[in-house]
$ cat work-v9.tsv   # TSV, C-alpha atoms
chain	number	residue	atom	x	y	z
J	1	MET	CA	112.82	110.16	65.81
J	2	VAL	CA	112.16	108.07	68.91
J	3	THR	CA	109.14	105.80	68.55
J	4	LEU	CA	107.70	104.32	71.70
J	5	GLY	CA	104.58	102.33	72.45
J	6	VAL	CA	101.55	103.81	74.17
J	7	ARG	CA	101.05	101.29	76.94
J	8	ARG	CA	98.91	102.93	79.55
J	9	TRP	CA	99.82	103.30	83.19
J	10	GLU	CA	97.55	102.13	85.98
J	11	THR	CA	97.13	104.28	89.07
J	12	LEU	CA	96.09	103.74	92.65
J	13	GLY	CA	95.94	106.00	95.65
J	14	ASP	CA	94.30	106.73	98.96
J	15	SER	CA	94.52	109.03	101.96
J	16	VAL	CA	93.69	108.44	105.63
J	17	GLN	CA	93.37	110.84	108.51
J	18	GLY	CA	95.97	110.64	111.26
J	19	VAL	CA	94.99	109.44	114.70
J	20	ASN	CA	93.97	112.28	117.01
J	21	LYS	CA	93.70	114.62	114.01
J	22	GLN	CA	90.51	116.64	113.60
J	23	HIS	CA	90.83	116.90	109.82
J	24	ASN	CA	92.87	115.29	107.07
J	25	GLN	CA	95.17	118.03	105.74
J	26	ASP	CA	96.53	115.87	102.88
J	27	TRP	CA	95.29	115.82	99.30
J	28	TYR	CA	96.12	113.78	96.21
J	29	ASP	CA	94.97	113.23	92.65
J	30	CYS	CA	95.90	111.35	89.46
J	31	ALA	CA	94.85	112.07	85.87
J	32	GLY	CA	95.72	110.85	82.40
J	33	THR	CA	97.00	107.60	80.90
J	34	GLY	CA	100.61	108.36	80.01
J	35	CYS	CA	100.20	108.43	76.22
J	36	GLY	CA	101.44	111.33	74.13
J	37	ASP	CA	98.19	113.28	74.01
J	38	ASP	CA	97.18	112.38	77.55
J	39	PRO	CA	100.19	112.52	79.92
J	40	LEU	CA	99.85	110.85	83.30
J	41	VAL	CA	100.04	113.36	86.14
J	42	LEU	CA	99.94	112.54	89.83
J	43	ALA	CA	100.53	114.62	92.95
J	44	VAL	CA	100.31	114.50	96.74
J	45	ALA	CA	100.34	117.45	99.14
J	46	ASP	CA	100.56	117.69	102.91
J	47	GLY	CA	99.06	120.79	104.52
J	48	HIS	CA	101.03	121.84	107.60
J	49	GLY	CA	98.00	121.69	109.86
J	50	SER	CA	98.94	123.90	112.83
J	51	ALA	CA	96.97	126.96	113.94
J	52	VAL	CA	99.36	129.18	112.01
J	53	HIS	CA	98.38	127.22	108.89
J	54	ALA	CA	94.67	127.04	109.65
J	55	ARG	CA	93.64	126.70	105.99
J	56	SER	CA	96.41	124.31	104.96
J	57	GLY	CA	93.98	121.57	103.94
J	58	LEU	CA	92.70	123.95	101.28
J	59	GLY	CA	96.29	124.89	100.44
J	60	ALA	CA	97.10	121.22	99.78
J	61	ARG	CA	94.13	120.90	97.48
J	62	PHE	CA	95.06	124.09	95.61
J	63	ALA	CA	98.61	122.76	95.19
J	64	VAL	CA	97.50	119.45	93.71
J	65	ASP	CA	94.87	120.99	91.46
J	66	ARG	CA	97.24	123.63	90.07
J	67	PHE	CA	100.02	121.10	89.62
J	68	LEU	CA	97.81	118.79	87.60
J	69	LEU	CA	96.91	121.60	85.22
J	70	ARG	CA	100.48	122.86	84.78
J	71	ALA	CA	102.04	119.40	84.51
J	72	ALA	CA	99.50	118.16	81.96
J	73	GLU	CA	100.28	121.20	79.82
J	74	PHE	CA	104.01	120.48	80.20
J	75	GLY	CA	103.50	116.81	79.32
J	76	ARG	CA	101.65	117.66	76.12
J	77	ALA	CA	104.45	120.04	75.16
J	78	ALA	CA	106.89	117.13	75.56
J	79	ARG	CA	105.38	115.34	72.56
J	80	ASP	CA	107.97	117.04	70.36
J	81	CYS	CA	110.93	116.54	72.71
J	82	HIS	CA	112.78	114.43	70.10
J	83	GLU	CA	113.24	117.47	67.87
J	84	PRO	CA	116.79	118.93	67.89
J	85	GLY	CA	117.32	121.17	70.91
J	86	ARG	CA	113.81	120.61	72.20
J	87	LEU	CA	114.78	118.34	75.11
J	88	ALA	CA	117.32	120.82	76.44
J	89	ARG	CA	114.79	123.64	76.29
J	90	LEU	CA	112.20	121.53	78.09
J	91	MET	CA	114.70	120.70	80.83
J	92	THR	CA	115.53	124.39	81.33
J	93	TYR	CA	111.83	125.21	81.54
J	94	ALA	CA	111.19	122.34	83.97
J	95	ARG	CA	114.07	123.39	86.20
J	96	ASP	CA	113.63	127.16	86.19
J	97	ASP	CA	110.26	128.31	84.86
J	98	PHE	CA	107.91	125.52	85.91
J	99	PRO	CA	108.52	126.02	89.67
J	100	ARG	CA	107.95	129.77	89.34
J	101	ALA	CA	104.73	129.25	87.39
J	102	LEU	CA	103.47	126.63	89.84
J	103	VAL	CA	104.17	128.77	92.90
J	104	HIS	CA	102.49	131.73	91.20
J	105	ASP	CA	99.40	129.63	90.43
J	106	TRP	CA	99.21	128.39	94.01
J	107	ARG	CA	99.64	131.86	95.49
J	108	GLN	CA	96.89	133.23	93.26
J	109	ALA	CA	94.56	130.42	94.32
J	110	ALA	CA	95.28	130.98	98.02
J	111	LEU	CA	94.98	134.78	97.88
J	112	GLY	CA	91.83	134.50	95.80
J	113	HIS	CA	90.30	132.25	98.44
J	114	TRP	CA	91.33	134.70	101.16
J	115	ASP	CA	89.61	137.56	99.32
J	116	ARG	CA	86.41	135.53	99.01
J	117	HIS	CA	86.48	134.22	102.59
J	118	ARG	CA	87.94	136.90	104.80
J	119	PRO	CA	87.64	136.18	108.53
J	120	VAL	CA	85.46	138.48	110.58
J	121	ALA	CA	87.77	141.10	112.11
J	122	ASP	CA	87.32	143.70	114.81
J	123	ASP	CA	87.01	147.29	113.66
J	124	GLY	CA	90.45	148.79	113.29
J	125	ALA	CA	92.25	145.45	112.93
J	126	ARG	CA	95.13	145.75	110.49
J	127	GLU	CA	95.05	143.95	107.16
J	128	PRO	CA	97.41	140.95	107.30
J	129	GLU	CA	100.49	141.13	105.10
J	130	GLN	CA	100.40	138.97	101.98
J	131	ASP	CA	102.94	136.51	103.45
J	132	GLU	CA	100.74	136.13	106.54
J	133	LYS	CA	97.75	135.28	104.37
J	134	LEU	CA	99.73	132.71	102.39
J	135	GLU	CA	101.05	131.14	105.60
J	136	LEU	CA	97.50	130.10	106.47
J	137	TYR	CA	97.51	127.83	103.40
J	138	GLY	CA	101.03	126.40	103.82
J	139	THR	CA	101.64	122.97	102.29
J	140	THR	CA	104.24	120.68	100.79
J	141	LEU	CA	103.88	119.14	97.32
J	142	ILE	CA	105.25	116.24	95.30
J	143	GLY	CA	104.16	115.86	91.69
J	144	ALA	CA	105.17	113.85	88.64
J	145	VAL	CA	104.36	113.72	84.94
J	146	LEU	CA	104.92	110.64	82.76
J	147	THR	CA	104.80	110.54	78.98
J	148	PRO	CA	106.12	107.98	76.48
J	149	TRP	CA	109.27	110.11	76.19
J	150	LEU	CA	109.79	111.75	79.55
J	151	PHE	CA	109.45	111.29	83.30
J	152	VAL	CA	109.80	114.44	85.41
J	153	ALA	CA	109.03	115.02	89.08
J	154	TRP	CA	109.15	118.03	91.38
J	155	GLN	CA	109.08	118.34	95.17
J	156	ILE	CA	108.99	121.05	97.79
J	157	GLY	CA	109.09	120.06	101.44
J	158	ASP	CA	109.00	116.61	103.00
J	159	GLY	CA	107.41	113.40	101.76
J	160	ASP	CA	108.83	110.80	99.40
J	161	LEU	CA	109.18	109.97	95.73
J	162	ALA	CA	110.20	106.34	95.19
J	163	VAL	CA	110.94	104.83	91.79
J	164	VAL	CA	111.25	101.11	91.06
J	165	GLU	CA	113.27	100.87	87.86
J	166	HIS	CA	112.70	98.34	85.08
J	167	ASP	CA	115.29	96.01	86.65
J	168	GLY	CA	113.84	96.22	90.17
J	169	ALA	CA	116.34	98.76	91.52
J	170	LEU	CA	114.66	101.14	93.97
J	171	ARG	CA	115.64	104.80	94.07
J	172	ARG	CA	114.51	107.93	95.91
J	173	PRO	CA	115.77	110.55	93.47
J	174	LEU	CA	114.49	113.62	95.31
J	175	ALA	CA	115.58	112.61	98.82
J	176	THR	CA	117.72	115.31	100.43
J	177	GLY	CA	119.77	113.03	102.64
J	178	GLU	CA	118.73	115.14	105.64
J	179	GLU	CA	115.77	114.57	107.91
J	180	ASP	CA	113.65	117.66	108.55
J	181	LEU	CA	113.83	118.73	112.17
J	182	GLY	CA	110.52	118.22	113.94
J	183	ASP	CA	107.70	119.62	111.84
J	184	GLU	CA	109.88	122.16	110.03
J	185	THR	CA	109.93	121.79	106.25
J	186	GLU	CA	110.06	123.83	103.08
J	187	SER	CA	106.65	125.08	101.99
J	188	LEU	CA	104.80	126.63	99.09
J	189	CYS	CA	104.04	129.54	101.41
J	190	GLY	CA	107.74	130.27	101.92
J	191	HIS	CA	109.48	133.37	100.62
J	192	GLU	CA	110.71	132.68	97.06
J	193	ALA	CA	109.36	129.13	97.40
J	194	TRP	CA	110.29	128.24	93.82
J	195	ARG	CA	113.95	128.21	94.85
J	196	ALA	CA	113.23	125.30	97.21
J	197	VAL	CA	111.63	123.11	94.50
J	198	ARG	CA	113.72	120.03	93.63
J	199	MET	CA	113.44	118.34	90.23
J	200	HIS	CA	114.02	114.82	88.92
J	201	TRP	CA	114.62	114.71	85.14
J	202	ALA	CA	114.56	111.35	83.31
J	203	PRO	CA	114.16	111.24	79.51
J	204	VAL	CA	112.92	107.92	78.12
J	205	PHE	CA	114.94	106.59	75.18
J	206	ASP	CA	113.98	102.92	75.45
J	207	GLU	CA	110.53	101.72	76.51
J	208	ALA	CA	112.07	98.58	78.01
J	209	ARG	CA	113.86	100.79	80.55
J	210	VAL	CA	110.80	102.78	81.69
J	211	PRO	CA	110.28	102.59	85.49
J	212	ARG	CA	107.74	99.96	86.44
J	213	LEU	CA	106.48	101.75	89.56
J	214	VAL	CA	106.43	105.38	90.71
J	215	VAL	CA	105.24	106.09	94.26
J	216	LEU	CA	104.49	109.49	95.80
J	217	SER	CA	103.65	109.68	99.50
J	218	THR	CA	103.37	112.20	102.30
J	219	ASP	CA	105.68	111.90	105.27
J	220	GLY	CA	103.01	110.21	107.38
J	221	LEU	CA	104.04	107.00	105.61
J	222	SER	CA	107.83	107.15	105.85
J	223	LYS	CA	107.75	108.43	109.44
J	224	SER	CA	105.79	105.35	110.51
J	225	PHE	CA	108.90	103.22	110.08
J	226	ALA	CA	111.82	102.92	112.45
J	227	SER	CA	114.30	103.73	109.69
J	228	ALA	CA	114.57	104.63	106.01
J	229	ASP	CA	115.10	100.93	105.32
J	230	GLY	CA	111.56	100.26	106.51
J	231	TYR	CA	110.13	102.64	103.94
J	232	ARG	CA	112.23	101.08	101.18
J	233	GLU	CA	110.98	97.62	102.21
J	234	PHE	CA	107.41	98.90	102.05
J	235	VAL	CA	107.86	100.13	98.47
J	236	ALA	CA	109.62	96.90	97.47
J	237	GLY	CA	106.77	94.91	99.00
J	238	LEU	CA	104.22	97.05	97.20
J	239	ASP	CA	106.04	96.40	93.93
J	240	GLY	CA	106.01	92.66	94.61
J	241	ARG	CA	102.33	92.58	95.52
J	242	LEU	CA	101.41	94.57	92.40
J	243	ALA	CA	103.39	92.18	90.21
J	244	ALA	CA	101.87	89.12	91.85
J	245	GLU	CA	98.26	90.26	92.33
J	246	GLY	CA	97.73	93.20	89.98
J	247	SER	CA	96.44	96.62	90.91
J	248	ASP	CA	92.89	95.53	91.72
J	249	GLY	CA	93.96	93.33	94.61
J	250	VAL	CA	96.35	95.89	96.04
J	251	ARG	CA	93.86	98.74	95.65
J	252	GLY	CA	91.51	97.08	98.11
J	253	SER	CA	94.27	96.57	100.69
J	254	LEU	CA	95.88	100.00	100.43
J	255	PRO	CA	93.54	101.89	102.83
J	256	GLY	CA	94.30	99.36	105.56
J	257	TRP	CA	98.05	99.68	105.06
J	258	LEU	CA	97.82	103.47	105.25
J	259	ARG	CA	95.64	103.33	108.37
J	260	GLN	CA	98.24	101.12	110.01
J	261	ALA	CA	100.98	103.58	109.05
J	262	SER	CA	99.01	106.52	110.44
J	263	GLN	CA	98.62	104.76	113.76
J	264	TYR	CA	102.41	104.68	114.12
J	265	SER	CA	103.26	108.09	112.70
J	266	GLY	CA	100.17	109.84	114.12
J	267	ASP	CA	99.98	111.82	110.90
J	268	ASP	CA	97.72	111.98	107.89
J	269	THR	CA	99.03	109.43	105.40
J	270	THR	CA	98.61	109.59	101.64
J	271	LEU	CA	99.96	107.60	98.71
J	272	ALA	CA	99.53	107.87	94.95
J	273	ALA	CA	101.26	105.41	92.64
J	274	ALA	CA	101.60	104.69	88.94
J	275	LEU	CA	102.22	101.14	87.71
J	276	ARG	CA	103.50	99.89	84.38
J	277	PRO	CA	101.88	96.45	83.79
J	278	VAL	CA	104.49	93.69	84.13
J	279	GLY	CA	104.44	89.92	84.30
J	280	PRO	CA	104.31	88.04	87.63
J	281	VAL	CA	107.61	87.92	89.48
J	282	GLY	CA	106.64	85.49	92.19
J	283	GLU	CA	105.15	85.68	95.62
J	284	SER	CA	105.77	88.57	98.00
J	285	THR	CA	104.92	89.33	101.59
J	286	GLY	CA	102.70	92.27	102.35
J	287	PRO	CA	104.40	95.65	102.22
J	288	MET	CA	103.46	96.40	105.80
J	289	GLU	CA	105.47	93.49	107.20
J	290	THR	CA	108.52	95.45	108.36
J	291	GLU	CA	109.83	97.13	111.46
J	292	ARG	CA	107.67	99.97	112.71
J	293	LYS	CA	108.36	102.78	115.10
J	294	THR	CA	107.20	102.29	118.64
J	295	GLU	CA	103.85	103.94	119.19
J	296	THR	CA	103.91	107.01	121.41
$ encode --input "work-v9.tsv" --output "structure tokens"
Amino acid sequence: MVTLGVRRWETLGDSVQGVNKQHNQDWYDCAGTGCGDDPLVLAVADGHGSAVHARSGLGARFAVDRFLLRAAEFGRAARDCHEPGRLARLMTYARDDFPRALVHDWRQAALGHWDRHRPVADDGAREPEQDEKLELYGTTLIGAVLTPWLFVAWQIGDGDLAVVEHDGALRRPLATGEEDLGDETESLCGHEAWRAVRMHWAPVFDEARVPRLVVLSTDGLSKSFASADGYREFVAGLDGRLAAEGSDGVRGSLPGWLRQASQYSGDDTTLAAALRPVGPVGESTGPMETERKTET
């Protein structure tokens, strides 16, 4: 049996509205501590925001809310993952069944909202098809669950999951290697959306090797930089500031960093992060001190 400590994760997050945007279509939330009975769950979602997706801000909120419920349930089930065969069964569920269940939950939430808040229609107007209704709520989603034994993350659409490992190595395990063209991206409103969900699976066998920082962010952050290297430098700088100052100091600065990013990307910008407490590693410059895109 694997025995691990129950050190609790710290979380921080914020969301800012993009310049020239009428509403913030992003949503995020964090819940739990990361111990066996109380898994840490965090998620960010980016509603598409165009007229075709007129209710996408609500869609983003539905996505985060439903993810937190499903992922917390999954995290509690992972308490027994050390039992023979249990880990393999959990991985199969996380890869195949969890995305289907999550998409089903989101669709039910969106369609339920539609039924309660139908738009006023002219007499004789046809009833929209189900896919047309769901399109109104279109959104991306990134979510993660962390327990003493398991770290799993899922993503559909754009945005970023960054992981700073115990040794300082920075990875983006769900990056596709391809930039989405324009504003096109996979979406929870897509046909058979569960097929587009990507998963990161990372069992924890040694507490000393648990990631020290997990960062989820919408694409308003990464698109504010001139290159992918700029985003990586931001995350590395965030890691350094957290190690040097602790979460309280960084929490107060985070809204300003996100506002600066939104001014360059023009998009709503949201970040949620989970931090394993570590000792100081020295001074670091601010995470925003890197090359930005030219404002348009």
$ residues_around --input "work-v9.tsv" --residues "Cys189 in chain J" --least-positions-apart "3" --cutoff "7 Å" --atoms "only C-alpha atoms" --output "CSV table (one decimal) with C-alpha atoms, in the coordinates of the input"
chain,number,residue,atom,x,y,z
J,134,LEU,CA,99.7,132.7,102.4
J,135,GLU,CA,101.0,131.1,105.6
J,138,GLY,CA,101.0,126.4,103.8
J,193,ALA,CA,109.4,129.1,97.4
$ closest_residue --input "work-v9.tsv" --among "J:Arg79, J:His104, J:Arg89, J:Arg171" --to "Phe67 in chain J" --atoms "all atoms listed in the file"
J:His104
$ closest_residue --input "work-v9.tsv" --among "J:Gly13, J:Gly237, J:Pro148, J:Gly256" --to "His82 in chain J" --atoms "all atoms listed in the file"
J:Pro148
$ atom_distance --input "work-v9.tsv" --atom1 "CA of Leu254 in chain J" --atom2 "CA of Gly34 in chain J"
22.6 Å
$ closest_residue --input "work-v9.tsv" --among "J:Gly18, J:Pro203, J:Gly47, J:Gly246" --to "Val145 in chain J" --atoms "only C-alpha atoms"
J:Pro203
$ residues_around --input "work-v9.tsv" --residues "range 157-167 of chain J" --least-positions-apart "5" --cutoff "6 Å" --atoms "all atoms listed in the file" --output "list in words"
Thr140, Arg172, Thr185, Glu186, Ser187, Arg209, Val210, Pro211, Arg212, Leu213, Val214, Val215, Leu216, Ser217, Thr218 and Asp219 of chain J
$ decode --input "work-v9.tsv" --residues "range 14-147 of chain J" --atoms "C-alpha atoms" --output "PDB file, in the first residue's frame"
ATOM      1  CA  ASP J  14      -8.581  35.484 -11.013  1.00  0.00           C
ATOM      2  CA  SER J  15     -10.322  36.540 -14.209  1.00  0.00           C
ATOM      3  CA  VAL J  16     -10.362  39.873 -16.042  1.00  0.00           C
ATOM      4  CA  GLN J  17     -12.506  41.107 -18.889  1.00  0.00           C
ATOM      5  CA  GLY J  18     -10.807  41.709 -22.226  1.00  0.00           C
ATOM      6  CA  VAL J  19     -10.459  45.227 -23.547  1.00  0.00           C
ATOM      7  CA  ASN J  20     -13.362  46.246 -25.780  1.00  0.00           C
ATOM      8  CA  LYS J  21     -15.377  43.262 -24.523  1.00  0.00           C
ATOM      9  CA  GLN J  22     -18.900  43.888 -23.257  1.00  0.00           C
ATOM     10  CA  HIS J  23     -18.885  40.896 -20.913  1.00  0.00           C
ATOM     11  CA  ASN J  24     -16.360  38.474 -19.484  1.00  0.00           C
ATOM     12  CA  GLN J  25     -17.164  35.081 -21.041  1.00  0.00           C
ATOM     13  CA  ASP J  26     -14.599  33.186 -18.914  1.00  0.00           C
ATOM     14  CA  TRP J  27     -15.277  31.340 -15.677  1.00  0.00           C
ATOM     15  CA  TYR J  28     -13.122  29.522 -13.137  1.00  0.00           C
ATOM     16  CA  ASP J  29     -13.340  27.851  -9.750  1.00  0.00           C
ATOM     17  CA  CYS J  30     -11.265  25.845  -7.264  1.00  0.00           C
ATOM     18  CA  ALA J  31     -12.435  23.552  -4.463  1.00  0.00           C
ATOM     19  CA  GLY J  32     -10.911  21.103  -2.019  1.00  0.00           C
ATOM     20  CA  THR J  33      -7.535  20.686  -0.330  1.00  0.00           C
ATOM     21  CA  GLY J  34      -5.977  17.719  -2.108  1.00  0.00           C
ATOM     22  CA  CYS J  35      -6.246  15.203   0.745  1.00  0.00           C
ATOM     23  CA  GLY J  36      -7.817  11.791   0.249  1.00  0.00           C
ATOM     24  CA  ASP J  37     -11.322  12.692   1.379  1.00  0.00           C
ATOM     25  CA  ASP J  38     -11.231  16.172  -0.124  1.00  0.00           C
ATOM     26  CA  PRO J  39      -9.562  16.135  -3.572  1.00  0.00           C
ATOM     27  CA  LEU J  40      -8.450  19.446  -5.026  1.00  0.00           C
ATOM     28  CA  VAL J  41     -10.362  20.313  -8.182  1.00  0.00           C
ATOM     29  CA  LEU J  42      -9.795  23.356 -10.361  1.00  0.00           C
ATOM     30  CA  ALA J  43     -11.131  24.385 -13.755  1.00  0.00           C
ATOM     31  CA  VAL J  44     -11.193  27.272 -16.225  1.00  0.00           C
ATOM     32  CA  ALA J  45     -13.557  27.726 -19.172  1.00  0.00           C
ATOM     33  CA  ASP J  46     -13.648  30.206 -22.037  1.00  0.00           C
ATOM     34  CA  GLY J  47     -17.042  30.882 -23.605  1.00  0.00           C
ATOM     35  CA  HIS J  48     -16.722  31.553 -27.340  1.00  0.00           C
ATOM     36  CA  GLY J  49     -18.433  34.918 -27.106  1.00  0.00           C
ATOM     37  CA  SER J  50     -19.659  35.588 -30.654  1.00  0.00           C
ATOM     38  CA  ALA J  51     -23.299  36.192 -31.595  1.00  0.00           C
ATOM     39  CA  VAL J  52     -23.630  32.537 -32.567  1.00  0.00           C
ATOM     40  CA  HIS J  53     -22.623  31.676 -28.992  1.00  0.00           C
ATOM     41  CA  ALA J  54     -24.712  34.359 -27.315  1.00  0.00           C
ATOM     42  CA  ARG J  55     -25.022  32.453 -24.013  1.00  0.00           C
ATOM     43  CA  SER J  56     -21.446  31.189 -23.876  1.00  0.00           C
ATOM     44  CA  GLY J  57     -20.696  32.962 -20.599  1.00  0.00           C
ATOM     45  CA  LEU J  58     -23.350  30.767 -19.023  1.00  0.00           C
ATOM     46  CA  GLY J  59     -21.956  27.772 -20.904  1.00  0.00           C
ATOM     47  CA  ALA J  60     -18.524  28.399 -19.356  1.00  0.00           C
ATOM     48  CA  ARG J  61     -20.031  28.537 -15.894  1.00  0.00           C
ATOM     49  CA  PHE J  62     -22.008  25.334 -16.478  1.00  0.00           C
ATOM     50  CA  ALA J  63     -18.820  23.625 -17.674  1.00  0.00           C
ATOM     51  CA  VAL J  64     -16.817  24.577 -14.592  1.00  0.00           C
ATOM     52  CA  ASP J  65     -19.612  23.773 -12.160  1.00  0.00           C
ATOM     53  CA  ARG J  66     -20.299  20.351 -13.678  1.00  0.00           C
ATOM     54  CA  PHE J  67     -16.607  19.550 -13.890  1.00  0.00           C
ATOM     55  CA  LEU J  68     -16.063  20.307 -10.219  1.00  0.00           C
ATOM     56  CA  LEU J  69     -18.836  17.922  -9.236  1.00  0.00           C
ATOM     57  CA  ARG J  70     -17.698  15.086 -11.523  1.00  0.00           C
ATOM     58  CA  ALA J  71     -13.998  15.487 -10.764  1.00  0.00           C
ATOM     59  CA  ALA J  72     -14.504  15.597  -6.989  1.00  0.00           C
ATOM     60  CA  GLU J  73     -16.454  12.352  -7.242  1.00  0.00           C
ATOM     61  CA  PHE J  74     -13.652  10.847  -9.346  1.00  0.00           C
ATOM     62  CA  GLY J  75     -11.009  12.059  -6.883  1.00  0.00           C
ATOM     63  CA  ARG J  76     -12.771  10.436  -3.946  1.00  0.00           C
ATOM     64  CA  ALA J  77     -13.000   7.185  -5.898  1.00  0.00           C
ATOM     65  CA  ALA J  78      -9.209   7.340  -6.348  1.00  0.00           C
ATOM     66  CA  ARG J  79      -8.655   6.785  -2.621  1.00  0.00           C
ATOM     67  CA  ASP J  80      -8.450   3.051  -3.306  1.00  0.00           C
ATOM     68  CA  CYS J  81      -6.298   3.297  -6.437  1.00  0.00           C
ATOM     69  CA  HIS J  82      -3.480   1.300  -4.787  1.00  0.00           C
ATOM     70  CA  GLU J  83      -5.627  -1.841  -4.786  1.00  0.00           C
ATOM     71  CA  PRO J  84      -4.665  -4.422  -7.466  1.00  0.00           C
ATOM     72  CA  GLY J  85      -6.164  -3.498 -10.827  1.00  0.00           C
ATOM     73  CA  ARG J  86      -7.827  -0.384  -9.470  1.00  0.00           C
ATOM     74  CA  LEU J  87      -5.454   2.117 -11.093  1.00  0.00           C
ATOM     75  CA  ALA J  88      -5.925   0.612 -14.548  1.00  0.00           C
ATOM     76  CA  ARG J  89      -9.702   0.718 -14.176  1.00  0.00           C
ATOM     77  CA  LEU J  90      -9.575   4.344 -13.044  1.00  0.00           C
ATOM     78  CA  MET J  91      -7.435   5.259 -16.047  1.00  0.00           C
ATOM     79  CA  THR J  92      -9.893   3.603 -18.435  1.00  0.00           C
ATOM     80  CA  TYR J  93     -12.766   5.463 -16.799  1.00  0.00           C
ATOM     81  CA  ALA J  94     -10.867   8.772 -16.910  1.00  0.00           C
ATOM     82  CA  ARG J  95      -9.998   8.322 -20.577  1.00  0.00           C
ATOM     83  CA  ASP J  96     -13.288   6.971 -21.913  1.00  0.00           C
ATOM     84  CA  ASP J  97     -16.215   7.405 -19.532  1.00  0.00           C
ATOM     85  CA  PHE J  98     -15.395  10.644 -17.726  1.00  0.00           C
ATOM     86  CA  PRO J  99     -15.457  12.780 -20.914  1.00  0.00           C
ATOM     87  CA  ARG J 100     -18.795  11.282 -21.950  1.00  0.00           C
ATOM     88  CA  ALA J 101     -20.298  11.900 -18.509  1.00  0.00           C
ATOM     89  CA  LEU J 102     -18.969  15.461 -18.379  1.00  0.00           C
ATOM     90  CA  VAL J 103     -20.284  16.359 -21.829  1.00  0.00           C
ATOM     91  CA  HIS J 104     -23.650  14.823 -20.927  1.00  0.00           C
ATOM     92  CA  ASP J 105     -23.812  16.876 -17.715  1.00  0.00           C
ATOM     93  CA  TRP J 106     -22.963  20.067 -19.585  1.00  0.00           C
ATOM     94  CA  ARG J 107     -25.488  19.425 -22.342  1.00  0.00           C
ATOM     95  CA  GLN J 108     -28.219  18.780 -19.773  1.00  0.00           C
ATOM     96  CA  ALA J 109     -27.375  22.020 -17.982  1.00  0.00           C
ATOM     97  CA  ALA J 110     -27.421  24.034 -21.219  1.00  0.00           C
ATOM     98  CA  LEU J 111     -30.633  22.495 -22.562  1.00  0.00           C
ATOM     99  CA  GLY J 112     -32.287  22.873 -19.174  1.00  0.00           C
ATOM    100  CA  HIS J 113     -31.416  26.562 -19.182  1.00  0.00           C
ATOM    101  CA  TRP J 114     -32.784  26.902 -22.710  1.00  0.00           C
ATOM    102  CA  ASP J 115     -36.089  25.340 -21.652  1.00  0.00           C
ATOM    103  CA  ARG J 116     -36.381  27.748 -18.724  1.00  0.00           C
ATOM    104  CA  HIS J 117     -35.308  30.825 -20.706  1.00  0.00           C
ATOM    105  CA  ARG J 118     -36.602  30.467 -24.230  1.00  0.00           C
ATOM    106  CA  PRO J 119     -36.229  33.608 -26.360  1.00  0.00           C
ATOM    107  CA  VAL J 120     -39.393  35.314 -27.511  1.00  0.00           C
ATOM    108  CA  ALA J 121     -40.119  34.027 -31.022  1.00  0.00           C
ATOM    109  CA  ASP J 122     -42.490  35.111 -33.753  1.00  0.00           C
ATOM    110  CA  ASP J 123     -45.544  32.943 -34.296  1.00  0.00           C
ATOM    111  CA  GLY J 124     -44.684  30.133 -36.657  1.00  0.00           C
ATOM    112  CA  ALA J 125     -40.931  30.279 -36.022  1.00  0.00           C
ATOM    113  CA  ARG J 126     -39.430  26.812 -36.106  1.00  0.00           C
ATOM    114  CA  GLU J 127     -38.011  25.229 -32.976  1.00  0.00           C
ATOM    115  CA  PRO J 128     -34.193  25.277 -33.154  1.00  0.00           C
ATOM    116  CA  GLU J 129     -32.477  21.915 -33.468  1.00  0.00           C
ATOM    117  CA  GLN J 130     -30.778  20.643 -30.324  1.00  0.00           C
ATOM    118  CA  ASP J 131     -27.303  21.324 -31.767  1.00  0.00           C
ATOM    119  CA  GLU J 132     -28.335  24.917 -32.494  1.00  0.00           C
ATOM    120  CA  LYS J 133     -29.426  25.387 -28.894  1.00  0.00           C
ATOM    121  CA  LEU J 134     -26.168  23.954 -27.571  1.00  0.00           C
ATOM    122  CA  GLU J 135     -24.146  26.181 -29.907  1.00  0.00           C
ATOM    123  CA  LEU J 136     -25.439  29.216 -28.017  1.00  0.00           C
ATOM    124  CA  TYR J 137     -23.598  27.971 -24.917  1.00  0.00           C
ATOM    125  CA  GLY J 138     -20.345  26.923 -26.634  1.00  0.00           C
ATOM    126  CA  THR J 139     -17.222  26.929 -24.468  1.00  0.00           C
ATOM    127  CA  THR J 140     -13.821  25.379 -23.936  1.00  0.00           C
ATOM    128  CA  LEU J 141     -12.783  23.743 -20.662  1.00  0.00           C
ATOM    129  CA  ILE J 142      -9.622  22.755 -18.809  1.00  0.00           C
ATOM    130  CA  GLY J 143      -9.940  20.940 -15.495  1.00  0.00           C
ATOM    131  CA  ALA J 144      -7.702  19.043 -13.096  1.00  0.00           C
ATOM    132  CA  VAL J 145      -8.055  16.900  -9.991  1.00  0.00           C
ATOM    133  CA  LEU J 146      -5.241  16.331  -7.489  1.00  0.00           C
ATOM    134  CA  THR J 147      -5.207  13.736  -4.736  1.00  0.00           C
TER     135      THR J 147
END
